[in-house]
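Inspection log for the structure reproduced underneath, given as structure tokens.
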Amino acid sequence: MNKPVVIVGAGLSGLRAASLLIANGIDCRVLEARDRIGGRILTTSIPDRPDLGKFDLGPTWFWPQYESTIANLVKELNLETFSQYTKGAMLAERSQNEAPQRYILPENSNAKSIRFIGGVQTLIDAIVATIPSGIVELDTSVKTIRQDEAGAITVEAVCTNGNKKEIPASVVILALPPRIVANNIEFSPSLSANLMNDLVNKPTWMAGQAKLVAIYDRPFWRESGLSGFVSSWVGPLQEIHDASPDTGSGALFGFFGIPAKIRQQLSEEETLKAVMDQLVRLFGPEAHKVSATLYKDWAKDFETAVEEDLDPLREFPSYGQPPKAGIWEEKIIFAGTEINSQFGGHLEGALQSAEKAFLKIKQLYKSF
Ligand SMILES: Cc1cc2nc3c(=O)[nH]c(=O)nc-3n(C[C@H](O)[C@H](O)[C@H](O)COP(=O)(O)OP(=O)(O)OC[C@H]3O[C@@H](n4cnc5c(N)ncnc54)[C@H](O)[C@@H]3O)c2cc1C
């Protein structure tokens, strides 16, 4: 095949697929709509306080006990990890009029969650280091994928500066959320109704969520025997965890209990105030002495969420391979975490679907 494999999306799945193709001598290009790589993986520091460490605004953990693909890759890439801090009591906040209750969870009551020193972005950086420069094209949003009568494929993209690109492809790996494919990419000829229906019914994992990180000079809650883990029925944060980096500073991160549609009616200031009030309720007045806060609402990102993702999920979605693509079969290959049936939603699912897409391409290339 003399045309490259075109990968849409430079998240974990797209980058891993690119890395595998390149290692096997298969030409590829990765097109990414955002001005950064990583997709839902986003690790950041405070611009004027890098000494405080790095904080994850997307994923935080993996679970090597169950997730062998990521566990092996982390070893292969020599990445440093550490265990989630869980020592001490958790707090349960049941009502605003009642003090939060302390509970000691039995040891090993949960699977061991593992974090990356330097944040999950270190995984992305290590994968991208295996890809020659020029392969990943940022600020390039794929709008249309066309197939002519002879079966030749052209990917059309628009760059942030307004320029257009037309890229001939041997095969296209769609390494982005299925709902984003269905909503934002036009196919000519169209995908079948059955396939479209399947794509829109695979909600993008965490697309309706937001994450807040409150950063302190030290993890002061540990001094009073608290793990930092909170379960709250009051909110605005529903679930809080210790997010302290290995630098000595302290951090708590929380997921919101308020649905995206309601969150979006509040200003960021109002949201932060409500969160700080909650942290003081839970951890005492010291929680006010915050060095910095970071807030990321994923529901506002056009490259992650669509309108339907603003409604809270009522049950765990059913993920897995979409049905056969008819005329598009072997021309498009789905990757991304939502395509994996066992670990869909997790980093593990993104990696497994990338490996599967790579193996399919290898097979296709053999038959030519
Ligand atoms: C707040 C939060 C917490 C999470 N916590 C965890 C956790 O602790 N552990 C865990 O295992 N998982 C967690 N996850 C899930 C994990 O982040 C995802 O499973 C994983 O990052 C998905 O990778 P992906 O490559 O499949 O998709 P994505 O990361 O979504 O990558 C898709 C890429 O496609 C790009 N794109 C979109 N549209 C276009 C277009 N038209 N043209 C070109 N490019 C396009 C996007 O910009 C993006 O870079 C969390 C996610 C969030 C948001």
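Labels for the structure tokens follow display order: chains A, B, ..., residues from 1 in each chain, ligands from 1.
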
>> What parts of segment 2-146 of chain A does DSSP call helix (DSSP H, G or I)? I'd like the answer as JSON, numbers by chain.
In response: {"A": [12, 13, 14, 15, 16, 17, 18, 19, 20, 21, 22, 23, 50, 51, 52, 68, 69, 70, 71, 72, 73, 74, 75, 76, 121, 122, 123, 124, 125, 126, 127, 128]}

Take the selection from the previous step and output its residues with N, CA, C and O atoms, as a tab-separated table (two decimals), in the first residue's frame.
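Ended up saving to part29.tsv:
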```tsv
chain	number	residue	atom	x	y	z
A	12	LEU	N	-4.52	8.64	23.84
A	12	LEU	CA	-3.71	7.46	24.16
A	12	LEU	C	-3.83	6.39	23.07
A	12	LEU	O	-2.83	5.80	22.64
A	13	SER	N	-5.06	6.15	22.60
A	13	SER	CA	-5.30	5.08	21.65
A	13	SER	C	-4.63	5.38	20.30
A	13	SER	O	-3.94	4.52	19.74
A	14	GLY	N	-4.83	6.58	19.79
A	14	GLY	CA	-4.27	6.95	18.49
A	14	GLY	C	-2.75	6.94	18.51
A	14	GLY	O	-2.09	6.46	17.58
A	15	LEU	N	-2.17	7.46	19.59
A	15	LEU	CA	-0.71	7.52	19.68
A	15	LEU	C	-0.11	6.13	19.82
A	15	LEU	O	0.93	5.81	19.24
A	16	ARG	N	-0.78	5.28	20.61
A	16	ARG	CA	-0.27	3.90	20.76
A	16	ARG	C	-0.33	3.15	19.42
A	16	ARG	O	0.60	2.44	19.05
A	17	ALA	N	-1.44	3.36	18.69
A	17	ALA	CA	-1.56	2.71	17.37
A	17	ALA	C	-0.45	3.21	16.44
A	17	ALA	O	0.19	2.40	15.75
A	18	ALA	N	-0.17	4.52	16.45
A	18	ALA	CA	0.88	5.08	15.60
A	18	ALA	C	2.24	4.49	15.96
A	18	ALA	O	3.02	4.10	15.09
A	19	SER	N	2.49	4.39	17.26
A	19	SER	CA	3.77	3.87	17.73
A	19	SER	C	3.98	2.43	17.24
A	19	SER	O	5.07	2.06	16.78
A	20	LEU	N	2.93	1.62	17.31
A	20	LEU	CA	3.03	0.21	16.88
A	20	LEU	C	3.21	0.12	15.37
A	20	LEU	O	4.00	-0.69	14.88
A	21	LEU	N	2.48	0.95	14.62
A	21	LEU	CA	2.60	0.91	13.15
A	21	LEU	C	4.03	1.29	12.75
A	21	LEU	O	4.65	0.61	11.93
A	22	ILE	N	4.54	2.35	13.37
A	22	ILE	CA	5.89	2.83	13.00
A	22	ILE	C	6.94	1.77	13.35
A	22	ILE	O	7.83	1.49	12.55
A	23	ALA	N	6.80	1.16	14.50
A	23	ALA	CA	7.76	0.12	14.91
A	23	ALA	C	7.75	-1.05	13.93
A	23	ALA	O	8.71	-1.80	13.84
A	50	PRO	N	5.52	25.94	39.54
A	50	PRO	CA	5.81	24.57	39.09
A	50	PRO	C	6.36	23.69	40.21
A	50	PRO	O	6.26	22.47	40.14
A	51	ASP	N	6.90	24.34	41.27
A	51	ASP	CA	7.46	23.59	42.41
A	51	ASP	C	6.39	22.75	43.12
A	51	ASP	O	6.70	21.77	43.80
A	52	LEU	N	5.11	23.12	42.96
A	52	LEU	CA	4.04	22.40	43.67
A	52	LEU	C	3.80	21.00	43.07
A	52	LEU	O	3.23	20.13	43.72
A	68	SER	N	-3.47	-5.75	32.38
A	68	SER	CA	-2.11	-6.20	32.06
A	68	SER	C	-1.48	-5.39	30.92
A	68	SER	O	-0.26	-5.23	30.89
A	69	THR	N	-2.29	-4.86	30.00
A	69	THR	CA	-1.70	-4.15	28.85
A	69	THR	C	-1.01	-2.88	29.34
A	69	THR	O	0.15	-2.63	28.99
A	70	ILE	N	-1.70	-2.11	30.14
A	70	ILE	CA	-1.08	-0.86	30.64
A	70	ILE	C	0.06	-1.20	31.61
A	70	ILE	O	1.12	-0.56	31.58
A	71	ALA	N	-0.13	-2.23	32.42
A	71	ALA	CA	0.93	-2.59	33.38
A	71	ALA	C	2.21	-2.96	32.63
A	71	ALA	O	3.30	-2.50	33.00
A	72	ASN	N	2.08	-3.74	31.55
A	72	ASN	CA	3.27	-4.13	30.78
A	72	ASN	C	3.90	-2.94	30.08
A	72	ASN	O	5.13	-2.80	30.03
A	73	LEU	N	3.05	-2.06	29.54
A	73	LEU	CA	3.57	-0.89	28.82
A	73	LEU	C	4.32	0.05	29.77
A	73	LEU	O	5.38	0.59	29.44
A	74	VAL	N	3.77	0.22	30.96
A	74	VAL	CA	4.41	1.09	31.95
A	74	VAL	C	5.81	0.53	32.29
A	74	VAL	O	6.79	1.29	32.39
A	75	LYS	N	5.90	-0.78	32.38
A	75	LYS	CA	7.20	-1.42	32.66
A	75	LYS	C	8.15	-1.21	31.48
A	75	LYS	O	9.30	-0.81	31.65
A	76	GLU	N	7.61	-1.48	30.27
A	76	GLU	CA	8.44	-1.37	29.06
A	76	GLU	C	8.98	0.05	28.90
A	76	GLU	O	10.12	0.26	28.50
A	121	GLN	N	0.28	12.16	31.96
A	121	GLN	CA	0.91	12.70	30.74
A	121	GLN	C	2.28	12.06	30.48
A	121	GLN	O	2.73	11.99	29.33
A	122	THR	N	2.94	11.53	31.52
A	122	THR	CA	4.25	10.89	31.31
A	122	THR	C	4.09	9.67	30.40
A	122	THR	O	5.01	9.33	29.67
A	123	LEU	N	2.93	9.03	30.47
A	123	LEU	CA	2.67	7.88	29.59
A	123	LEU	C	2.57	8.36	28.14
A	123	LEU	O	3.16	7.76	27.23
A	124	ILE	N	1.83	9.45	27.95
A	124	ILE	CA	1.68	10.02	26.60
A	124	ILE	C	3.04	10.48	26.06
A	124	ILE	O	3.41	10.19	24.93
A	125	ASP	N	3.80	11.17	26.91
A	125	ASP	CA	5.11	11.68	26.47
A	125	ASP	C	6.04	10.54	26.07
A	125	ASP	O	6.79	10.64	25.10
A	126	ALA	N	5.99	9.45	26.85
A	126	ALA	CA	6.88	8.32	26.55
A	126	ALA	C	6.47	7.64	25.24
A	126	ALA	O	7.32	7.19	24.48
A	127	ILE	N	5.17	7.56	24.97
A	127	ILE	CA	4.73	6.94	23.70
A	127	ILE	C	5.10	7.84	22.53
A	127	ILE	O	5.64	7.38	21.52
A	128	VAL	N	4.88	9.13	22.70
A	128	VAL	CA	5.13	10.05	21.58
A	128	VAL	C	6.63	10.13	21.27
A	128	VAL	O	7.02	10.38	20.13
```

> Quick one: residues within 7 Å of ligand 1, with only C-alpha atoms and all ligand atoms, as a PyMOL selection string?
Replying inline: chain A and resi 8-14+31-34+37-41+57-62+140-143+175-177+180+184-185+205-207+209-211+298+303-304+335-338+344-350

>> Let's see if you can do this: from backbone DSSP, list all strand (DSSP E or B) residues in segment 90-194 of chain A, as number ranges by chain.
In response: A: 90-93, 101-103, 114-116, 136-137, 140-147, 153-159, 164-169, 172-174, 186-188

Could you save the residues just selected, with N, CA, C and O atoms, as a short mmCIF file (atom, residue, chain, number, x, y, z; two decimals), in the first residue's frame?
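Contents of out.cif, as written:
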```
data_model
loop_
_atom_site.label_atom_id
_atom_site.label_comp_id
_atom_site.auth_asym_id
_atom_site.auth_seq_id
_atom_site.Cartn_x
_atom_site.Cartn_y
_atom_site.Cartn_z
N MET A 90 -11.94 7.55 55.99
CA MET A 90 -12.68 8.26 54.95
C MET A 90 -13.79 9.06 55.62
O MET A 90 -14.14 8.80 56.78
N LEU A 91 -14.32 10.05 54.91
CA LEU A 91 -15.45 10.82 55.43
C LEU A 91 -16.68 10.56 54.57
O LEU A 91 -16.57 10.43 53.34
N ALA A 92 -17.82 10.48 55.24
CA ALA A 92 -19.09 10.37 54.51
C ALA A 92 -19.93 11.58 54.88
O ALA A 92 -20.14 11.85 56.07
N GLU A 93 -20.36 12.34 53.87
CA GLU A 93 -21.14 13.55 54.12
C GLU A 93 -22.56 13.29 53.63
O GLU A 93 -22.82 13.22 52.43
N GLN A 101 -19.21 11.97 58.80
CA GLN A 101 -18.85 10.83 59.65
C GLN A 101 -17.57 10.17 59.15
O GLN A 101 -17.34 10.09 57.94
N ARG A 102 -16.77 9.72 60.14
CA ARG A 102 -15.49 9.07 59.80
C ARG A 102 -15.68 7.56 59.76
O ARG A 102 -16.34 7.00 60.62
N TYR A 103 -15.08 6.92 58.79
CA TYR A 103 -15.10 5.45 58.72
C TYR A 103 -13.71 4.95 58.37
O TYR A 103 -13.04 5.55 57.53
N ILE A 114 -3.11 2.76 41.16
CA ILE A 114 -1.73 3.21 40.98
C ILE A 114 -1.69 4.51 40.19
O ILE A 114 -2.44 4.67 39.21
N ARG A 115 -0.83 5.42 40.64
CA ARG A 115 -0.67 6.72 39.97
C ARG A 115 0.70 6.82 39.30
O ARG A 115 1.61 6.08 39.64
N PHE A 116 0.82 7.78 38.41
CA PHE A 116 2.09 8.01 37.71
C PHE A 116 2.82 9.17 38.39
O PHE A 116 2.21 10.23 38.59
N VAL A 136 2.61 13.49 13.84
CA VAL A 136 1.40 14.00 14.50
C VAL A 136 1.18 15.45 14.06
O VAL A 136 2.07 16.29 14.20
N GLU A 137 0.00 15.71 13.51
CA GLU A 137 -0.32 17.06 13.03
C GLU A 137 -1.41 17.63 13.93
O GLU A 137 -2.56 17.17 13.92
N THR A 140 -5.61 20.10 13.64
CA THR A 140 -6.11 19.57 12.37
C THR A 140 -7.36 18.74 12.64
O THR A 140 -7.27 17.61 13.12
N SER A 141 -8.49 19.34 12.39
CA SER A 141 -9.76 18.70 12.73
C SER A 141 -10.35 18.01 11.50
O SER A 141 -10.63 18.66 10.49
N VAL A 142 -10.52 16.70 11.60
CA VAL A 142 -11.07 15.94 10.47
C VAL A 142 -12.57 16.22 10.37
O VAL A 142 -13.31 16.13 11.35
N LYS A 143 -13.00 16.58 9.18
CA LYS A 143 -14.41 16.94 8.96
C LYS A 143 -15.12 15.91 8.09
O LYS A 143 -16.30 15.64 8.29
N THR A 144 -14.41 15.40 7.07
CA THR A 144 -15.05 14.51 6.10
C THR A 144 -14.12 13.36 5.73
O THR A 144 -12.90 13.56 5.65
N ILE A 145 -14.70 12.18 5.52
CA ILE A 145 -13.93 11.05 4.98
C ILE A 145 -14.71 10.54 3.76
O ILE A 145 -15.88 10.20 3.87
N ARG A 146 -14.03 10.59 2.62
CA ARG A 146 -14.69 10.22 1.36
C ARG A 146 -14.10 8.95 0.80
O ARG A 146 -12.91 8.69 0.95
N GLN A 147 -14.97 8.16 0.12
CA GLN A 147 -14.49 6.98 -0.58
C GLN A 147 -15.01 7.07 -2.02
O GLN A 147 -16.22 7.25 -2.21
N ILE A 153 -9.62 6.30 -0.59
CA ILE A 153 -10.12 7.11 0.54
C ILE A 153 -9.36 8.43 0.61
O ILE A 153 -8.14 8.47 0.48
N THR A 154 -10.12 9.51 0.89
CA THR A 154 -9.51 10.82 1.14
C THR A 154 -10.07 11.37 2.44
O THR A 154 -11.28 11.36 2.66
N VAL A 155 -9.15 11.81 3.30
CA VAL A 155 -9.55 12.42 4.58
C VAL A 155 -9.43 13.93 4.41
O VAL A 155 -8.38 14.43 4.00
N GLU A 156 -10.50 14.64 4.73
CA GLU A 156 -10.47 16.10 4.61
C GLU A 156 -10.49 16.72 6.01
O GLU A 156 -11.33 16.34 6.85
N ALA A 157 -9.57 17.64 6.23
CA ALA A 157 -9.46 18.26 7.56
C ALA A 157 -9.35 19.77 7.42
O ALA A 157 -8.92 20.28 6.39
N VAL A 158 -9.77 20.45 8.48
CA VAL A 158 -9.64 21.91 8.52
C VAL A 158 -8.71 22.26 9.68
O VAL A 158 -8.87 21.75 10.79
N CYS A 159 -7.72 23.10 9.41
CA CYS A 159 -6.75 23.49 10.45
C CYS A 159 -7.30 24.70 11.20
O CYS A 159 -8.14 25.43 10.68
N LYS A 164 -7.06 24.13 4.64
CA LYS A 164 -7.69 22.81 4.48
C LYS A 164 -6.64 21.80 4.05
O LYS A 164 -5.69 22.15 3.36
N LYS A 165 -6.82 20.55 4.50
CA LYS A 165 -5.91 19.49 4.07
C LYS A 165 -6.73 18.37 3.46
O LYS A 165 -7.80 18.04 3.97
N GLU A 166 -6.22 17.79 2.39
CA GLU A 166 -6.85 16.59 1.79
C GLU A 166 -5.79 15.51 1.78
O GLU A 166 -4.75 15.67 1.13
N ILE A 167 -6.04 14.45 2.52
CA ILE A 167 -4.99 13.43 2.69
C ILE A 167 -5.49 12.08 2.19
O ILE A 167 -6.46 11.53 2.72
N PRO A 168 -4.81 11.54 1.18
CA PRO A 168 -5.19 10.19 0.73
C PRO A 168 -4.76 9.17 1.78
O PRO A 168 -3.70 9.33 2.40
N ALA A 169 -5.61 8.17 2.01
CA ALA A 169 -5.30 7.18 3.07
C ALA A 169 -5.52 5.77 2.54
O ALA A 169 -6.39 5.54 1.70
N VAL A 172 -8.24 4.19 7.50
CA VAL A 172 -8.34 5.23 8.54
C VAL A 172 -8.63 4.56 9.88
O VAL A 172 -9.56 3.76 9.98
N ILE A 173 -7.81 4.89 10.88
CA ILE A 173 -8.13 4.43 12.25
C ILE A 173 -8.85 5.58 12.93
O ILE A 173 -8.31 6.69 13.04
N LEU A 174 -10.06 5.32 13.39
CA LEU A 174 -10.84 6.35 14.10
C LEU A 174 -10.60 6.18 15.59
O LEU A 174 -11.29 5.41 16.27
N GLU A 186 -18.30 13.75 8.72
CA GLU A 186 -19.24 13.34 7.67
C GLU A 186 -18.59 12.26 6.80
O GLU A 186 -17.40 12.36 6.49
N PHE A 187 -19.35 11.26 6.46
CA PHE A 187 -18.83 10.19 5.60
C PHE A 187 -19.54 10.24 4.26
O PHE A 187 -20.77 10.41 4.21
N SER A 188 -18.80 10.09 3.19
CA SER A 188 -19.40 10.04 1.86
C SER A 188 -18.81 8.84 1.13
O SER A 188 -17.61 8.82 0.90
#
```

Quick one: everything within 10 Å of Arg49 of chain A, counting only C-alpha atoms, minus sequence neighbours fewer than 3 positions away in the same chain. Send it as a tab-separated table (two decimals) with N, CA and C atoms, in the first residue's frame.
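The result, written out as selection17.tsv:
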```tsv
chain	number	residue	atom	x	y	z
A	45	SER	N	0.54	21.89	35.56
A	45	SER	CA	1.08	22.46	36.81
A	45	SER	C	0.61	23.91	36.89
A	46	ILE	N	0.85	24.54	38.04
A	46	ILE	CA	0.43	25.94	38.19
A	46	ILE	C	1.52	26.79	37.52
A	52	LEU	N	5.11	23.12	42.96
A	52	LEU	CA	4.04	22.40	43.67
A	52	LEU	C	3.80	21.00	43.07
A	53	GLY	N	4.23	20.82	41.82
A	53	GLY	CA	4.09	19.50	41.20
A	53	GLY	C	3.10	19.50	40.05
A	291	SER	N	-3.30	26.93	48.01
A	291	SER	CA	-2.26	27.63	47.23
A	291	SER	C	-2.76	27.91	45.82
A	292	ALA	N	-3.55	27.01	45.28
A	292	ALA	CA	-4.08	27.20	43.92
A	292	ALA	C	-5.20	26.19	43.69
```

> At what distance in Å, to one decimal, does atom CA of Val30 of chain A lie from atom CA of Glu80 of chain A?
Replying inline: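 Here the two named atoms are 27.0 Å from each other.
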
Pull the closest atom pair for each residue of segment 73-130 of chain A that gets at most 8 Å from segment 236-257 of chain A, along with the distance in Å to one decimal, counting only C-alpha atoms, ordering rows by chain and then ascending residue number, as JSON lines.
```
{"residue": "A:Gln84", "atom": "CA", "partner": "A:Asp242", "partner_atom": "CA", "distance": 7.6}
{"residue": "A:Tyr85", "atom": "CA", "partner": "A:Asp242", "partner_atom": "CA", "distance": 6.4}
{"residue": "A:Thr86", "atom": "CA", "partner": "A:Asp242", "partner_atom": "CA", "distance": 7.9}
{"residue": "A:Ile117", "atom": "CA", "partner": "A:Asp246", "partner_atom": "CA", "distance": 6.8}
{"residue": "A:Gly118", "atom": "CA", "partner": "A:Pro245", "partner_atom": "CA", "distance": 7.6}
```

Suppose we keep C-alpha atoms; can you now write the selection as a compact mmCIF listing (two decimals), in the first residue's frame?
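Generated output (part.txt):
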```
# COMPACT_ATOMS: atom_id res chain seq x y z
CA GLN A 84 -2.83 6.05 45.77
CA TYR A 85 -2.71 7.37 49.36
CA THR A 86 -5.45 5.59 51.31
CA ILE A 117 4.88 10.14 39.17
CA GLY A 118 4.58 13.33 37.09
```

>> as a count of residues only, please: the residues near Phe220 of chain A (cut-off 9 Å, only C-alpha atoms, same-chain neighbours under 4 positions excluded).
In response: 7
